[in-house]
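These notes are about the structure you will find just below.
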Amino acid sequence: MAVLIDTPIWPGPRGLLWSHLVSDVSLDELHDFAGQLGVPRRAFDRDHYDVPETVHARAVALGAEPVTSRELLLRLVASGLRRRKVR
């Protein structure tokens, strides 16, 4: 399993800091892992899930690899799963 999570540093709703949860293997793996965490599908955005800081420790305990935001992006791009926002 290659699910990655970055440090919760991104300000978001409800005054919480948020992380990105990605897979560098497949979106199916990512959706399965998010389901195990109880993260709703509506939190999925193109190629990642936005997850609140309250989920971070549980994600790591379930096997997500904690990485920097830079490492997460580099591995997502290298996997071919990166989906950029259409402008």
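Identifiers in this document derive from the order of the structure tokens: chains are assigned A, B, ..., residues are numbered from 1 separately in each chain, and ligands are numbered from 1 in order of occurrence.
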Practice task
Write out as a PyMOL selection string which residues come within 6 Å of stretch 10-23 of chain A when counting only C-alpha atoms, dropping same-chain ones fewer than 3 positions away.
Solution key: chain A and resi 2-7+26+30+48-53
Handout entry: helix (DSSP H, G or I) residues, from DSSP on the backbone, in chain A, as a ChimeraX atom specification
Key = /A:13-15,27-37,41-43,53-61,69-79
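The residues of chain A that DSSP assigns to strand (DSSP E or B) on this backbone come out as Val3, Leu4, Ile5, Asp6, Trp10, Pro11, Leu17, Trp18, Ser19, His20, Leu21, Val22, Ser23, Phe44, Asp45, His48, Tyr49, Asp50, Val51, Pro52, Glu65, Pro66 and Val67 of chain A.
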Practice task
Please provide the set of residues having any atom within 12 Å of A:Arg58, restricted to only C-alpha atoms, with same-chain residues fewer than 6 positions apart removed, written as an NGL selection string.
Solution key: :A and (5 or 33-34 or 36-39 or 51-52 or 64-66)
Those residues you just picked out, can you put them in a file as a PDB file, in the first residue's frame with all heavy atoms?
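What landed in result.pdb:
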```pdb
ATOM      1  N   ILE A   5       0.230  10.874   3.299  1.00  0.00           N
ATOM      2  CA  ILE A   5      -0.478  11.993   3.916  1.00  0.00           C
ATOM      3  C   ILE A   5       0.546  13.051   4.303  1.00  0.00           C
ATOM      4  O   ILE A   5       1.609  12.733   4.848  1.00  0.00           O
ATOM      5  CB  ILE A   5      -1.327  11.539   5.129  1.00  0.00           C
ATOM      6  CG1 ILE A   5      -2.238  12.673   5.593  1.00  0.00           C
ATOM      7  CG2 ILE A   5      -0.461  10.994   6.257  1.00  0.00           C
ATOM      8  CD1 ILE A   5      -3.349  12.238   6.534  1.00  0.00           C
ATOM      9  N   PHE A  33      -8.881   3.286   1.134  1.00  0.00           N
ATOM     10  CA  PHE A  33      -8.257   3.747   2.372  1.00  0.00           C
ATOM     11  C   PHE A  33      -9.102   4.846   3.024  1.00  0.00           C
ATOM     12  O   PHE A  33      -9.328   4.833   4.231  1.00  0.00           O
ATOM     13  CB  PHE A  33      -6.836   4.254   2.094  1.00  0.00           C
ATOM     14  CG  PHE A  33      -6.030   4.483   3.335  1.00  0.00           C
ATOM     15  CD1 PHE A  33      -5.281   3.455   3.889  1.00  0.00           C
ATOM     16  CD2 PHE A  33      -6.005   5.716   3.969  1.00  0.00           C
ATOM     17  CE1 PHE A  33      -4.532   3.654   5.045  1.00  0.00           C
ATOM     18  CE2 PHE A  33      -5.277   5.930   5.112  1.00  0.00           C
ATOM     19  CZ  PHE A  33      -4.533   4.885   5.660  1.00  0.00           C
ATOM     20  N   ALA A  34      -9.566   5.785   2.223  1.00  0.00           N
ATOM     21  CA  ALA A  34     -10.406   6.865   2.753  1.00  0.00           C
ATOM     22  C   ALA A  34     -11.670   6.287   3.385  1.00  0.00           C
ATOM     23  O   ALA A  34     -12.120   6.754   4.437  1.00  0.00           O
ATOM     24  CB  ALA A  34     -10.757   7.857   1.652  1.00  0.00           C
ATOM     25  N   GLN A  36     -11.944   3.363   4.837  1.00  0.00           N
ATOM     26  CA  GLN A  36     -11.551   2.793   6.131  1.00  0.00           C
ATOM     27  C   GLN A  36     -11.428   3.874   7.200  1.00  0.00           C
ATOM     28  O   GLN A  36     -11.712   3.622   8.370  1.00  0.00           O
ATOM     29  CB  GLN A  36     -10.206   2.076   6.007  1.00  0.00           C
ATOM     30  CG  GLN A  36     -10.238   0.805   5.213  1.00  0.00           C
ATOM     31  CD  GLN A  36      -8.839   0.227   5.068  1.00  0.00           C
ATOM     32  OE1 GLN A  36      -8.054   0.243   5.994  1.00  0.00           O
ATOM     33  NE2 GLN A  36      -8.537  -0.287   3.883  1.00  0.00           N
ATOM     34  N   LEU A  37     -11.007   5.070   6.773  1.00  0.00           N
ATOM     35  CA  LEU A  37     -10.882   6.193   7.709  1.00  0.00           C
ATOM     36  C   LEU A  37     -12.238   6.825   8.040  1.00  0.00           C
ATOM     37  O   LEU A  37     -12.341   7.598   8.982  1.00  0.00           O
ATOM     38  CB  LEU A  37      -9.993   7.289   7.113  1.00  0.00           C
ATOM     39  CG  LEU A  37      -8.507   7.121   7.213  1.00  0.00           C
ATOM     40  CD1 LEU A  37      -7.802   8.243   6.453  1.00  0.00           C
ATOM     41  CD2 LEU A  37      -8.049   7.097   8.653  1.00  0.00           C
ATOM     42  N   GLY A  38     -13.230   6.530   7.231  1.00  0.00           N
ATOM     43  CA  GLY A  38     -14.534   7.163   7.413  1.00  0.00           C
ATOM     44  C   GLY A  38     -14.614   8.539   6.780  1.00  0.00           C
ATOM     45  O   GLY A  38     -15.481   9.341   7.113  1.00  0.00           O
ATOM     46  N   VAL A  39     -13.698   8.807   5.838  1.00  0.00           N
ATOM     47  CA  VAL A  39     -13.703  10.094   5.139  1.00  0.00           C
ATOM     48  C   VAL A  39     -14.736  10.027   4.020  1.00  0.00           C
ATOM     49  O   VAL A  39     -14.698   9.114   3.193  1.00  0.00           O
ATOM     50  CB  VAL A  39     -12.296  10.397   4.561  1.00  0.00           C
ATOM     51  CG1 VAL A  39     -12.307  11.672   3.742  1.00  0.00           C
ATOM     52  CG2 VAL A  39     -11.266  10.482   5.687  1.00  0.00           C
ATOM     53  N   VAL A  51      -8.306  16.086   4.275  1.00  0.00           N
ATOM     54  CA  VAL A  51      -8.689  15.504   5.561  1.00  0.00           C
ATOM     55  C   VAL A  51      -8.254  16.427   6.696  1.00  0.00           C
ATOM     56  O   VAL A  51      -7.169  17.005   6.654  1.00  0.00           O
ATOM     57  CB  VAL A  51      -8.119  14.082   5.763  1.00  0.00           C
ATOM     58  CG1 VAL A  51      -8.697  13.126   4.744  1.00  0.00           C
ATOM     59  CG2 VAL A  51      -6.606  14.064   5.680  1.00  0.00           C
ATOM     60  N   PRO A  52      -9.089  16.568   7.717  1.00  0.00           N
ATOM     61  CA  PRO A  52      -8.756  17.464   8.826  1.00  0.00           C
ATOM     62  C   PRO A  52      -7.668  16.877   9.718  1.00  0.00           C
ATOM     63  O   PRO A  52      -7.430  15.670   9.733  1.00  0.00           O
ATOM     64  CB  PRO A  52     -10.082  17.592   9.587  1.00  0.00           C
ATOM     65  CG  PRO A  52     -10.803  16.327   9.287  1.00  0.00           C
ATOM     66  CD  PRO A  52     -10.399  15.943   7.894  1.00  0.00           C
ATOM     67  N   ALA A  64      -0.890   4.928   6.458  1.00  0.00           N
ATOM     68  CA  ALA A  64      -0.502   6.017   5.558  1.00  0.00           C
ATOM     69  C   ALA A  64       0.910   6.473   5.917  1.00  0.00           C
ATOM     70  O   ALA A  64       1.269   6.549   7.092  1.00  0.00           O
ATOM     71  CB  ALA A  64      -1.481   7.186   5.666  1.00  0.00           C
ATOM     72  N   GLU A  65       1.688   6.754   4.905  1.00  0.00           N
ATOM     73  CA  GLU A  65       3.063   7.200   5.112  1.00  0.00           C
ATOM     74  C   GLU A  65       3.085   8.720   5.259  1.00  0.00           C
ATOM     75  O   GLU A  65       2.696   9.437   4.332  1.00  0.00           O
ATOM     76  CB  GLU A  65       3.915   6.783   3.910  1.00  0.00           C
ATOM     77  CG  GLU A  65       5.348   7.188   4.013  1.00  0.00           C
ATOM     78  CD  GLU A  65       6.149   6.820   2.770  1.00  0.00           C
ATOM     79  OE1 GLU A  65       5.683   5.996   1.956  1.00  0.00           O
ATOM     80  OE2 GLU A  65       7.251   7.374   2.629  1.00  0.00           O
ATOM     81  N   PRO A  66       3.532   9.237   6.417  1.00  0.00           N
ATOM     82  CA  PRO A  66       3.610  10.688   6.583  1.00  0.00           C
ATOM     83  C   PRO A  66       4.784  11.255   5.772  1.00  0.00           C
ATOM     84  O   PRO A  66       5.909  10.750   5.862  1.00  0.00           O
ATOM     85  CB  PRO A  66       3.822  10.878   8.083  1.00  0.00           C
ATOM     86  CG  PRO A  66       4.353   9.586   8.585  1.00  0.00           C
ATOM     87  CD  PRO A  66       3.912   8.520   7.627  1.00  0.00           C
TER      88      PRO A  66
END
```
Problem - Shell around A:Leu76 at 9 Å using only C-alpha atoms, local window under 2 positions removed, as a VMD selection string - result: chain A and resid 22 to 25 47 71 to 74 78 to 82
Would you output that residue set with N, CA and C atoms, as a PDB file, in the first residue's frame?
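Result file follows (out.pdb):
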```pdb
ATOM      1  N   VAL A  22      -3.245  10.962  -0.501  1.00  0.00           N
ATOM      2  CA  VAL A  22      -3.126  10.511  -1.887  1.00  0.00           C
ATOM      3  C   VAL A  22      -2.597   9.078  -1.918  1.00  0.00           C
ATOM      4  N   SER A  23      -2.725   8.471  -3.082  1.00  0.00           N
ATOM      5  CA  SER A  23      -2.080   7.187  -3.361  1.00  0.00           C
ATOM      6  C   SER A  23      -1.141   7.392  -4.529  1.00  0.00           C
ATOM      7  N   ASP A  24       0.011   6.736  -4.489  1.00  0.00           N
ATOM      8  CA  ASP A  24       0.878   6.783  -5.654  1.00  0.00           C
ATOM      9  C   ASP A  24       0.794   5.472  -6.438  1.00  0.00           C
ATOM     10  N   VAL A  25      -0.296   4.708  -6.164  1.00  0.00           N
ATOM     11  CA  VAL A  25      -0.534   3.449  -6.875  1.00  0.00           C
ATOM     12  C   VAL A  25      -1.812   3.516  -7.706  1.00  0.00           C
ATOM     13  N   ASP A  47      -7.652  14.273  -7.353  1.00  0.00           N
ATOM     14  CA  ASP A  47      -6.606  13.267  -7.174  1.00  0.00           C
ATOM     15  C   ASP A  47      -6.214  13.067  -5.709  1.00  0.00           C
ATOM     16  N   GLU A  71       7.116  16.199  -0.987  1.00  0.00           N
ATOM     17  CA  GLU A  71       7.279  14.771  -1.306  1.00  0.00           C
ATOM     18  C   GLU A  71       5.969  14.184  -1.823  1.00  0.00           C
ATOM     19  N   LEU A  72       4.864  14.547  -1.201  1.00  0.00           N
ATOM     20  CA  LEU A  72       3.557  14.056  -1.626  1.00  0.00           C
ATOM     21  C   LEU A  72       3.303  14.443  -3.076  1.00  0.00           C
ATOM     22  N   LEU A  73       3.542  15.701  -3.413  1.00  0.00           N
ATOM     23  CA  LEU A  73       3.293  16.167  -4.779  1.00  0.00           C
ATOM     24  C   LEU A  73       4.232  15.488  -5.774  1.00  0.00           C
ATOM     25  N   LEU A  74       5.515  15.382  -5.441  1.00  0.00           N
ATOM     26  CA  LEU A  74       6.464  14.733  -6.335  1.00  0.00           C
ATOM     27  C   LEU A  74       6.067  13.287  -6.626  1.00  0.00           C
ATOM     28  N   ALA A  78       4.833  11.717 -10.191  1.00  0.00           N
ATOM     29  CA  ALA A  78       5.594  10.584 -10.739  1.00  0.00           C
ATOM     30  C   ALA A  78       4.705   9.359 -10.996  1.00  0.00           C
ATOM     31  N   SER A  79       3.640   9.213 -10.203  1.00  0.00           N
ATOM     32  CA  SER A  79       2.743   8.069 -10.359  1.00  0.00           C
ATOM     33  C   SER A  79       1.849   8.181 -11.588  1.00  0.00           C
ATOM     34  N   GLY A  80       1.726   9.392 -12.118  1.00  0.00           N
ATOM     35  CA  GLY A  80       0.824   9.623 -13.245  1.00  0.00           C
ATOM     36  C   GLY A  80      -0.616   9.865 -12.826  1.00  0.00           C
ATOM     37  N   LEU A  81      -0.863   9.934 -11.527  1.00  0.00           N
ATOM     38  CA  LEU A  81      -2.235  10.125 -11.025  1.00  0.00           C
ATOM     39  C   LEU A  81      -2.592  11.589 -10.786  1.00  0.00           C
ATOM     40  N   ARG A  82      -1.662  12.500 -10.969  1.00  0.00           N
ATOM     41  CA  ARG A  82      -1.929  13.922 -10.731  1.00  0.00           C
ATOM     42  C   ARG A  82      -2.928  14.421 -11.751  1.00  0.00           C
TER      43      ARG A  82
END
```
Exercise for the section: Enter the distance from atom CA of A:Arg87 to atom CA of A:Pro40, in Å, rounded to one decimal. Expected result: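 Going from atom CA of A:Arg87 over to atom CA of A:Pro40, I get 25.9 Å.
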Completion exercise
re atom CA of A:Gly63 and atom CA of A:Lys85: distance 28.2 Å
Completion exercise
Here atom CA of A:Thr68 and atom CA of A:Arg41 stand apart by 23.6 Å
